[in-house]
file protein_11.pdb (PDB, C-alpha atoms and all ligand atoms)
ATOM      1  CA  MET Y   1       0.000   0.000   0.000
ATOM      2  CA  ASN Y   2       1.476   3.434  -0.939
ATOM      3  CA  GLU Y   3       0.931   6.794   0.844
ATOM      4  CA  ASN Y   4      -1.958   7.941  -1.408
ATOM      5  CA  GLU Y   5      -3.955   4.834  -0.788
ATOM      6  CA  LYS Y   6      -3.505   5.222   2.967
ATOM      7  CA  SER Y   7      -4.884   8.784   3.101
ATOM      8  CA  SER Y   8      -7.959   7.759   1.111
ATOM      9  CA  GLN Y   9      -9.030   5.303   3.825
ATOM     10  CA  PRO Y  10     -12.467   6.048   5.370
ATOM     11  CA  LEU Y  11     -12.470   8.371   8.424
ATOM     12  CA  SER Y  12     -12.787   6.690  11.791
ATOM     13  CA  SER Y  13     -16.133   6.811  13.609
ATOM     14  CA  ARG Y  14     -14.838   9.455  16.050
ATOM     15  CA  GLU Y  15     -13.915  11.782  13.254
ATOM     16  CA  VAL Y  16     -17.331  11.562  11.554
ATOM     17  CA  ALA Y  17     -19.246  12.201  14.815
ATOM     18  CA  PRO Y  18     -18.152  15.732  15.849
ATOM     19  CA  ASN Y  19     -20.654  15.963  18.741
ATOM     20  CA  VAL Y  20     -18.860  13.388  20.780
ATOM     21  CA  PRO Y  21     -16.486  15.233  23.132
ATOM     22  CA  ARG Y  22     -12.995  14.110  22.236
ATOM     23  CA  HIS Y  23     -11.027  15.134  25.281
ATOM     24  CA  ARG Y  24     -12.466  14.891  28.720
ATOM     25  CA  PRO Y  25     -10.077  16.387  31.266
ATOM     26  CA  PRO Y  26      -8.211  13.339  32.618
ATOM     27  CA  ILE Y  27      -9.301  13.970  36.220
ATOM     28  CA  LYS Y  28      -8.260  10.547  37.462
ATOM     29  CA  ILE Y  29      -4.760  10.864  36.028
ATOM     30  CA  MET Y  30      -4.415  14.400  37.386
ATOM     31  CA  ALA Y  31      -5.497  13.218  40.828
ATOM     32  CA  LEU Y  32      -3.043  10.344  40.636
ATOM     33  CA  VAL Y  33      -0.169  12.626  39.632
ATOM     34  CA  LEU Y  34      -1.048  15.098  42.393
ATOM     35  CA  GLY Y  35      -1.145  12.244  44.895
ATOM     36  CA  LEU Y  36       2.267  11.034  43.783
ATOM     37  CA  VAL Y  37       3.708  14.547  44.091
ATOM     38  CA  VAL Y  38       2.357  14.838  47.632
ATOM     39  CA  ILE Y  39       3.767  11.436  48.613
ATOM     40  CA  ALA Y  40       7.158  12.266  47.036
ATOM     41  CA  SER Y  41       7.269  15.600  48.900
ATOM     42  CA  ILE Y  42       6.522  13.948  52.221
ATOM     43  CA  PHE Y  43       9.258  11.394  51.524
ATOM     44  CA  VAL Y  44      11.814  14.084  50.655
ATOM     45  CA  LEU Y  45      10.899  16.184  53.697
ATOM     46  CA  SER Y  46      11.205  13.176  55.983
ATOM     47  CA  LYS Y  47      14.798  12.745  54.772
ATOM     48  CA  THR Y  48      15.875  16.331  55.395
ATOM     49  CA  ASP Y  49      17.551  15.237  58.615
ATOM     50  CA  ARG Y  50      20.097  13.447  56.438
ATOM     51  CA  ARG Y  51      21.958  16.600  55.683
ATOM     52  CA  SER Y  52      25.677  16.667  55.338
ATOM     53  CA  ILE Y  53      27.628  18.202  58.192
ATOM     54  CA  LYS Y  54      31.142  19.450  57.565
ATOM     55  CA  ALA Y  55      33.829  19.699  60.237
ATOM     56  CA  TYR Y  56      36.850  21.979  59.935
ATOM     57  CA  ILE Y  57      39.939  20.451  61.495
ATOM     58  CA  ASN Y  58      43.701  20.755  61.778
ATOM     59  CA  ILE Y  59      45.934  17.937  60.558
ATOM     60  CA  PRO Y  60      48.945  17.345  62.823
ATOM     61  CA  GLU Y  61      52.294  15.978  61.797
ATOM     62  CA  LEU Y  62      51.844  12.232  61.400
ATOM     63  CA  ASN Y  63      54.166   9.290  61.958
ATOM     64  CA  GLU Y  64      54.441   6.401  59.530
ATOM     65  CA  THR Y  65      51.676   4.315  61.115
ATOM     66  CA  GLN Y  66      49.327   7.299  61.133
ATOM     67  CA  ILE Y  67      50.087   8.128  57.506
ATOM     68  CA  ALA Y  68      49.198   4.529  56.608
ATOM     69  CA  GLY Y  69      46.035   4.780  58.747
ATOM     70  CA  ARG Y  70      45.047   7.989  57.022
ATOM     71  CA  ALA Y  71      45.400   6.360  53.582
ATOM     72  CA  ILE Y  72      43.241   3.388  54.618
ATOM     73  CA  PHE Y  73      40.691   5.716  56.181
ATOM     74  CA  ASN Y  74      40.433   7.845  53.074
ATOM     75  CA  SER Y  75      40.088   4.871  50.752
ATOM     76  CA  THR Y  76      37.630   2.902  52.929
ATOM     77  CA  CYS Y  77      35.752   5.142  55.353
ATOM     78  CA  ALA Y  78      35.797   8.568  53.698
ATOM     79  CA  LYS Y  79      32.967   7.808  51.289
ATOM     80  CA  CYS Y  80      30.646   7.897  54.318
ATOM     81  CA  HIS Y  81      32.617   9.916  56.885
ATOM     82  CA  GLY Y  82      34.308  12.412  54.582
ATOM     83  CA  ILE Y  83      37.995  13.015  53.884
ATOM     84  CA  ASP Y  84      39.896  12.781  57.197
ATOM     85  CA  GLY Y  85      36.554  12.262  58.963
ATOM     86  CA  THR Y  86      35.297  15.762  58.197
ATOM     87  CA  GLY Y  87      31.871  14.601  57.035
ATOM     88  CA  ASP Y  88      30.167  16.530  54.235
ATOM     89  CA  THR Y  89      28.492  13.386  52.862
ATOM     90  CA  LYS Y  90      24.830  12.466  53.087
ATOM     91  CA  ILE Y  91      25.475   8.861  54.086
ATOM     92  CA  GLY Y  92      27.479   9.142  57.289
ATOM     93  CA  PRO Y  93      28.365  11.553  60.101
ATOM     94  CA  PRO Y  94      31.664  13.397  60.469
ATOM     95  CA  LEU Y  95      33.918  11.424  62.818
ATOM     96  CA  MET Y  96      35.573  14.662  63.863
ATOM     97  CA  HIS Y  97      32.645  15.672  66.017
ATOM     98  CA  PRO Y  98      32.301  16.164  69.789
ATOM     99  CA  TYR Y  99      30.205  12.942  69.952
ATOM    100  CA  HIS Y 100      33.414  11.103  69.103
ATOM    101  CA  ARG Y 101      35.824  12.677  71.573
ATOM    102  CA  LYS Y 102      37.926  10.206  73.496
ATOM    103  CA  GLY Y 103      35.755  10.415  76.595
ATOM    104  CA  SER Y 104      32.636   9.437  74.593
ATOM    105  CA  LEU Y 105      34.132   6.987  72.115
ATOM    106  CA  SER Y 106      36.826   4.733  73.551
ATOM    107  CA  ASP Y 107      39.565   3.091  71.500
ATOM    108  CA  GLU Y 108      37.934  -0.311  72.145
ATOM    109  CA  ARG Y 109      34.583   0.934  70.887
ATOM    110  CA  PHE Y 110      36.238   2.422  67.790
ATOM    111  CA  LEU Y 111      37.830  -0.914  66.851
ATOM    112  CA  LYS Y 112      34.621  -2.797  67.592
ATOM    113  CA  VAL Y 113      32.576  -0.510  65.312
ATOM    114  CA  ILE Y 114      34.948  -1.211  62.420
ATOM    115  CA  ARG Y 115      34.718  -4.986  63.043
ATOM    116  CA  GLN Y 116      30.984  -5.224  63.673
ATOM    117  CA  GLY Y 117      29.385  -2.060  62.287
ATOM    118  CA  THR Y 118      26.765  -0.266  64.344
ATOM    119  CA  PRO Y 119      23.004   0.327  64.096
ATOM    120  CA  GLU Y 120      21.591   3.801  63.529
ATOM    121  CA  ASP Y 121      21.846   5.455  66.908
ATOM    122  CA  LYS Y 122      23.145   8.988  67.383
ATOM    123  CA  TRP Y 123      22.531  10.138  63.813
ATOM    124  CA  LYS Y 124      19.998   9.852  61.014
ATOM    125  CA  TYR Y 125      22.160   8.265  58.351
ATOM    126  CA  GLY Y 126      21.117   4.669  58.805
ATOM    127  CA  HIS Y 127      23.399   1.926  60.115
ATOM    128  CA  MET Y 128      27.108   1.421  59.521
ATOM    129  CA  PRO Y 129      27.954  -1.940  57.945
ATOM    130  CA  ALA Y 130      30.820  -4.023  59.371
ATOM    131  CA  GLN Y 131      34.035  -3.182  57.518
ATOM    132  CA  ILE Y 132      34.998  -6.753  56.708
ATOM    133  CA  ASP Y 133      37.819  -5.773  54.344
ATOM    134  CA  VAL Y 134      39.688  -3.939  57.105
ATOM    135  CA  SER Y 135      42.106  -6.186  59.027
ATOM    136  CA  ASP Y 136      42.625  -5.736  62.782
ATOM    137  CA  ASP Y 137      46.068  -4.393  62.015
ATOM    138  CA  ASP Y 138      44.699  -1.793  59.594
ATOM    139  CA  ALA Y 139      41.954  -0.863  62.080
ATOM    140  CA  LYS Y 140      44.667  -0.075  64.651
ATOM    141  CA  LYS Y 141      46.461   2.118  62.114
ATOM    142  CA  ILE Y 142      43.235   4.019  61.446
ATOM    143  CA  LEU Y 143      42.738   4.419  65.192
ATOM    144  CA  SER Y 144      46.257   5.777  65.584
ATOM    145  CA  PHE Y 145      45.541   8.385  62.883
ATOM    146  CA  PHE Y 146      42.150   9.207  64.419
ATOM    147  CA  ASN Y 147      43.694   9.696  67.863
ATOM    148  CA  ALA Y 148      46.322  12.034  66.435
ATOM    149  CA  LEU Y 149      43.486  14.076  64.929
ATOM    150  CA  ARG Y 150      41.518  14.018  68.201
ATOM    151  CA  GLU Y 151      44.578  15.214  70.094
ATOM    152  CA  VAL Y 152      45.160  18.399  68.064
ATOM    153  CA  ASN Y 153      41.467  19.137  67.592
ATOM    154  CA  LYS Y 154      40.627  19.287  71.303
ATOM    155  CA  MET Y 155      38.837  15.949  71.271
ATOM    156  CA  GLY Y 156      41.477  14.034  73.194
ATOM    157  CA  ASN Y 157      39.582  13.745  76.464
TER     158      ASN Y 157
HETATM  159  C1  LIG I 201      28.544   2.819  54.287
HETATM  160  C2  LIG I 201      28.872   3.967  55.115
HETATM  161  C3  LIG I 201      29.945   3.818  56.165
HETATM  162  C4  LIG I 201      31.252   3.358  56.011
HETATM  163  C5  LIG I 201      31.927   2.834  54.752
HETATM  164  C6  LIG I 201      31.865   3.520  57.304
HETATM  165  N1  LIG I 201      30.968   4.020  58.201
HETATM  166 FE1  LIG I 201      31.332   4.479  60.120
HETATM  167  N2  LIG I 201      29.395   5.017  60.408
HETATM  168  C7  LIG I 201      28.447   5.082  59.417
HETATM  169  C8  LIG I 201      27.205   5.573  59.966
HETATM  170  C9  LIG I 201      25.914   5.790  59.192
HETATM  171  C10 LIG I 201      27.441   5.826  61.344
HETATM  172  C11 LIG I 201      26.465   6.397  62.388
HETATM  173  C12 LIG I 201      25.693   5.352  63.199
HETATM  174  C13 LIG I 201      24.866   6.069  64.251
HETATM  175  O1  LIG I 201      23.754   6.521  63.930
HETATM  176  O2  LIG I 201      25.343   6.181  65.394
HETATM  177  C14 LIG I 201      28.836   5.474  61.585
HETATM  178  C15 LIG I 201      29.460   5.602  62.806
HETATM  179  C16 LIG I 201      30.806   5.401  63.019
HETATM  180  C17 LIG I 201      31.487   5.614  64.277
HETATM  181  C18 LIG I 201      30.854   6.097  65.588
HETATM  182  C19 LIG I 201      30.325   4.943  66.379
HETATM  183  C20 LIG I 201      29.743   5.385  67.715
HETATM  184  O3  LIG I 201      29.704   4.544  68.622
HETATM  185  O4  LIG I 201      29.293   6.524  67.852
HETATM  186  C21 LIG I 201      32.811   5.308  64.076
HETATM  187  C22 LIG I 201      33.931   5.371  65.095
HETATM  188  C23 LIG I 201      32.943   4.905  62.684
HETATM  189  N3  LIG I 201      31.719   4.975  62.073
HETATM  190  C24 LIG I 201      34.149   4.544  62.107
HETATM  191  C25 LIG I 201      34.288   4.107  60.797
HETATM  192  C26 LIG I 201      35.541   3.694  60.211
HETATM  193  C27 LIG I 201      36.890   3.754  60.922
HETATM  194  C28 LIG I 201      35.267   3.294  58.944
HETATM  195  C29 LIG I 201      36.219   2.706  57.927
HETATM  196  C30 LIG I 201      37.002   1.564  58.316
HETATM  197  C31 LIG I 201      33.836   3.484  58.723
HETATM  198  N4  LIG I 201      33.278   3.977  59.867
HETATM  199  C32 LIG I 201      33.178   3.194  57.531
HETATM  200  C33 LIG I 201      28.614   4.727  58.092
HETATM  201  C34 LIG I 201      29.785   4.225  57.551
END
call {"tool": "encode", "arguments": {"input": "protein_11.pdb", "output": "structure tokens"}}
result
Amino acid sequence: MNENEKSSQPLSSREVAPNVPRHRPPIKIMALVLGLVVIASIFVLSKTDRRSIKAYINIPELNETQIAGRAIFNSTCAKCHGIDGTGDTKIGPPLMHPYHRKGSLSDERFLKVIRQGTPEDKWKYGHMPAQIDVSDDDAKKILSFFNALREVNKMGN
């Protein structure tokens, strides 16, 4: 069939009956869309607690162990806790925060959290998964770096 033959086809029944309203306003679809917008807004608003918090810190001079710890931290933990624990992500808190001063977060607790993870507790970022790729030895290096940071940033007690 060529183009000319196509256009000479009879008109459809809708086209020959002009009194039939062609477009009713799609009330149901509009209501559905509006409902979805309202639900999406509520969802977004309920997540506004998950804002990123940025800490400003000083970096002390580091020894070899602490330099190694810093590298492991920044390749493994920083995606959630920010570079050098300064936060500024939406998926984890800054570690350089008064909640994590030495008096509130012991060395033992720090190592345990790396090994086992921790449920959502002090923050609104969800839980922290166990860091199974971090060996005990590497965890101690991270801790050594973290303690050096705590010391110079008035979080050492
Ligand atoms: C997938 C994201 C993610 C990764 C990766 C991650 N964490 Fe976390 N971490 C979290 C979240 C979320 C919390 C907050 C839990 C809460 O609400 O108390 C947290 C909390 C912590 C805490 C505080 C625990 C407490 O008792 O208050 C420490 C310490 C910590 N993380 C260390 C680390 C270290 C070290 C690494 C890397 C080896 C790491 N995290 C990797 C998400 C992460």
call {"tool": "closest_residue", "arguments": {"input": "protein_11.pdb", "among": "Y:Gln66, Y:Ile59, Y:Ser41, Y:Lys54", "to": "Lys141 (chain Y)", "atoms": "all atoms listed in the file"}}
result
Y:Gln66
call {"tool": "residues_near_ligand", "arguments": {"input": "protein_11.pdb", "ligand": "ligand LIG 201 (chain I)", "cutoff": "8 Å", "atoms": "all atoms listed in the file", "output": "PyMOL selection string"}}
result
chain Y and resi 72-73+76-81+91-93+95+99-100+105+109-111+113-114+117-131+134+139+142-143
call {"tool": "residues_around", "arguments": {"input": "protein_11.pdb", "residues": "Glu61 (chain Y)", "least_positions_apart": "6", "cutoff": "10 Å", "atoms": "all atoms listed in the file", "output": "PyMOL selection string"}}
result
chain Y and resi 67+148-149+152
call {"tool": "atom_distance", "arguments": {"input": "protein_11.pdb", "atom1": "CA of Ala55 (chain Y)", "atom2": "CA of Thr86 (chain Y)"}}
result
4.7 Å
call {"tool": "atom_distance", "arguments": {"input": "protein_11.pdb", "atom1": "CA of Ile27 (chain Y)", "atom2": "CA of Ile42 (chain Y)"}}
result
22.5 Å
call {"tool": "residues_around", "arguments": {"input": "protein_11.pdb", "residues": "Ser52 (chain Y)", "least_positions_apart": "4", "cutoff": "7 Å", "atoms": "only C-alpha atoms", "output": "list of chain:residue names"}}
result
Y:Gly87, Y:Asp88, Y:Thr89, Y:Lys90
call {"tool": "atom_distance", "arguments": {"input": "protein_11.pdb", "atom1": "CA of Met155 (chain Y)", "atom2": "CA of Asp107 (chain Y)"}}
result
12.9 Å
call {"tool": "closest_residue", "arguments": {"input": "protein_11.pdb", "among": "Y:Ser75, Y:Gly103, Y:Glu151, Y:Gly69", "to": "Asp137 (chain Y)", "atoms": "only C-alpha atoms"}}
result
Y:Gly69
call {"tool": "closest_residue", "arguments": {"input": "protein_11.pdb", "among": "Y:Lys140, Y:His97, Y:Lys28, Y:Arg70", "to": "Ile57 (chain Y)", "atoms": "all atoms listed in the file"}}
result
Y:His97
call {"tool": "closest_residue", "arguments": {"input": "protein_11.pdb", "among": "Y:Asn157, Y:Gly85, Y:Ala71, Y:Gln116", "to": "Lys102 (chain Y)", "atoms": "all atoms listed in the file"}}
result
Y:Asn157
call {"tool": "decode", "arguments": {"input": "protein_11.pdb", "residues": "region 36-127 of chain Y", "atoms": "C-alpha atoms", "output": "short mmCIF file (atom, residue, chain, number, x, y, z; two decimals), in the first residue's frame"}}
result
data_model
loop_
_atom_site.label_atom_id
_atom_site.label_comp_id
_atom_site.auth_asym_id
_atom_site.auth_seq_id
_atom_site.Cartn_x
_atom_site.Cartn_y
_atom_site.Cartn_z
CA LEU Y 36 2.27 11.03 43.78
CA VAL Y 37 3.71 14.55 44.09
CA VAL Y 38 2.36 14.84 47.63
CA ILE Y 39 3.77 11.44 48.61
CA ALA Y 40 7.16 12.27 47.04
CA SER Y 41 7.27 15.60 48.90
CA ILE Y 42 6.52 13.95 52.22
CA PHE Y 43 9.26 11.39 51.52
CA VAL Y 44 11.81 14.08 50.65
CA LEU Y 45 10.90 16.18 53.70
CA SER Y 46 11.21 13.18 55.98
CA LYS Y 47 14.80 12.74 54.77
CA THR Y 48 15.88 16.33 55.39
CA ASP Y 49 17.55 15.24 58.62
CA ARG Y 50 20.10 13.45 56.44
CA ARG Y 51 21.96 16.60 55.68
CA SER Y 52 25.68 16.67 55.34
CA ILE Y 53 27.63 18.20 58.19
CA LYS Y 54 31.14 19.45 57.57
CA ALA Y 55 33.83 19.70 60.24
CA TYR Y 56 36.85 21.98 59.93
CA ILE Y 57 39.94 20.45 61.50
CA ASN Y 58 43.70 20.76 61.78
CA ILE Y 59 45.93 17.94 60.56
CA PRO Y 60 48.95 17.34 62.82
CA GLU Y 61 52.29 15.98 61.80
CA LEU Y 62 51.84 12.23 61.40
CA ASN Y 63 54.17 9.29 61.96
CA GLU Y 64 54.44 6.40 59.53
CA THR Y 65 51.68 4.32 61.11
CA GLN Y 66 49.33 7.30 61.13
CA ILE Y 67 50.09 8.13 57.51
CA ALA Y 68 49.20 4.53 56.61
CA GLY Y 69 46.04 4.78 58.75
CA ARG Y 70 45.05 7.99 57.02
CA ALA Y 71 45.40 6.36 53.58
CA ILE Y 72 43.24 3.39 54.62
CA PHE Y 73 40.69 5.72 56.18
CA ASN Y 74 40.43 7.84 53.07
CA SER Y 75 40.09 4.87 50.75
CA THR Y 76 37.63 2.90 52.93
CA CYS Y 77 35.75 5.14 55.35
CA ALA Y 78 35.80 8.57 53.70
CA LYS Y 79 32.97 7.81 51.29
CA CYS Y 80 30.65 7.90 54.32
CA HIS Y 81 32.62 9.92 56.88
CA GLY Y 82 34.31 12.41 54.58
CA ILE Y 83 37.99 13.01 53.88
CA ASP Y 84 39.90 12.78 57.20
CA GLY Y 85 36.55 12.26 58.96
CA THR Y 86 35.30 15.76 58.20
CA GLY Y 87 31.87 14.60 57.03
CA ASP Y 88 30.17 16.53 54.24
CA THR Y 89 28.49 13.39 52.86
CA LYS Y 90 24.83 12.47 53.09
CA ILE Y 91 25.48 8.86 54.09
CA GLY Y 92 27.48 9.14 57.29
CA PRO Y 93 28.36 11.55 60.10
CA PRO Y 94 31.66 13.40 60.47
CA LEU Y 95 33.92 11.42 62.82
CA MET Y 96 35.57 14.66 63.86
CA HIS Y 97 32.65 15.67 66.02
CA PRO Y 98 32.30 16.16 69.79
CA TYR Y 99 30.21 12.94 69.95
CA HIS Y 100 33.41 11.10 69.10
CA ARG Y 101 35.82 12.68 71.57
CA LYS Y 102 37.93 10.21 73.50
CA GLY Y 103 35.75 10.42 76.59
CA SER Y 104 32.64 9.44 74.59
CA LEU Y 105 34.13 6.99 72.12
CA SER Y 106 36.83 4.73 73.55
CA ASP Y 107 39.56 3.09 71.50
CA GLU Y 108 37.93 -0.31 72.14
CA ARG Y 109 34.58 0.93 70.89
CA PHE Y 110 36.24 2.42 67.79
CA LEU Y 111 37.83 -0.91 66.85
CA LYS Y 112 34.62 -2.80 67.59
CA VAL Y 113 32.58 -0.51 65.31
CA ILE Y 114 34.95 -1.21 62.42
CA ARG Y 115 34.72 -4.99 63.04
CA GLN Y 116 30.98 -5.22 63.67
CA GLY Y 117 29.38 -2.06 62.29
CA THR Y 118 26.76 -0.27 64.34
CA PRO Y 119 23.00 0.33 64.10
CA GLU Y 120 21.59 3.80 63.53
CA ASP Y 121 21.85 5.45 66.91
CA LYS Y 122 23.15 8.99 67.38
CA TRP Y 123 22.53 10.14 63.81
CA LYS Y 124 20.00 9.85 61.01
CA TYR Y 125 22.16 8.26 58.35
CA GLY Y 126 21.12 4.67 58.81
CA HIS Y 127 23.40 1.93 60.11
#
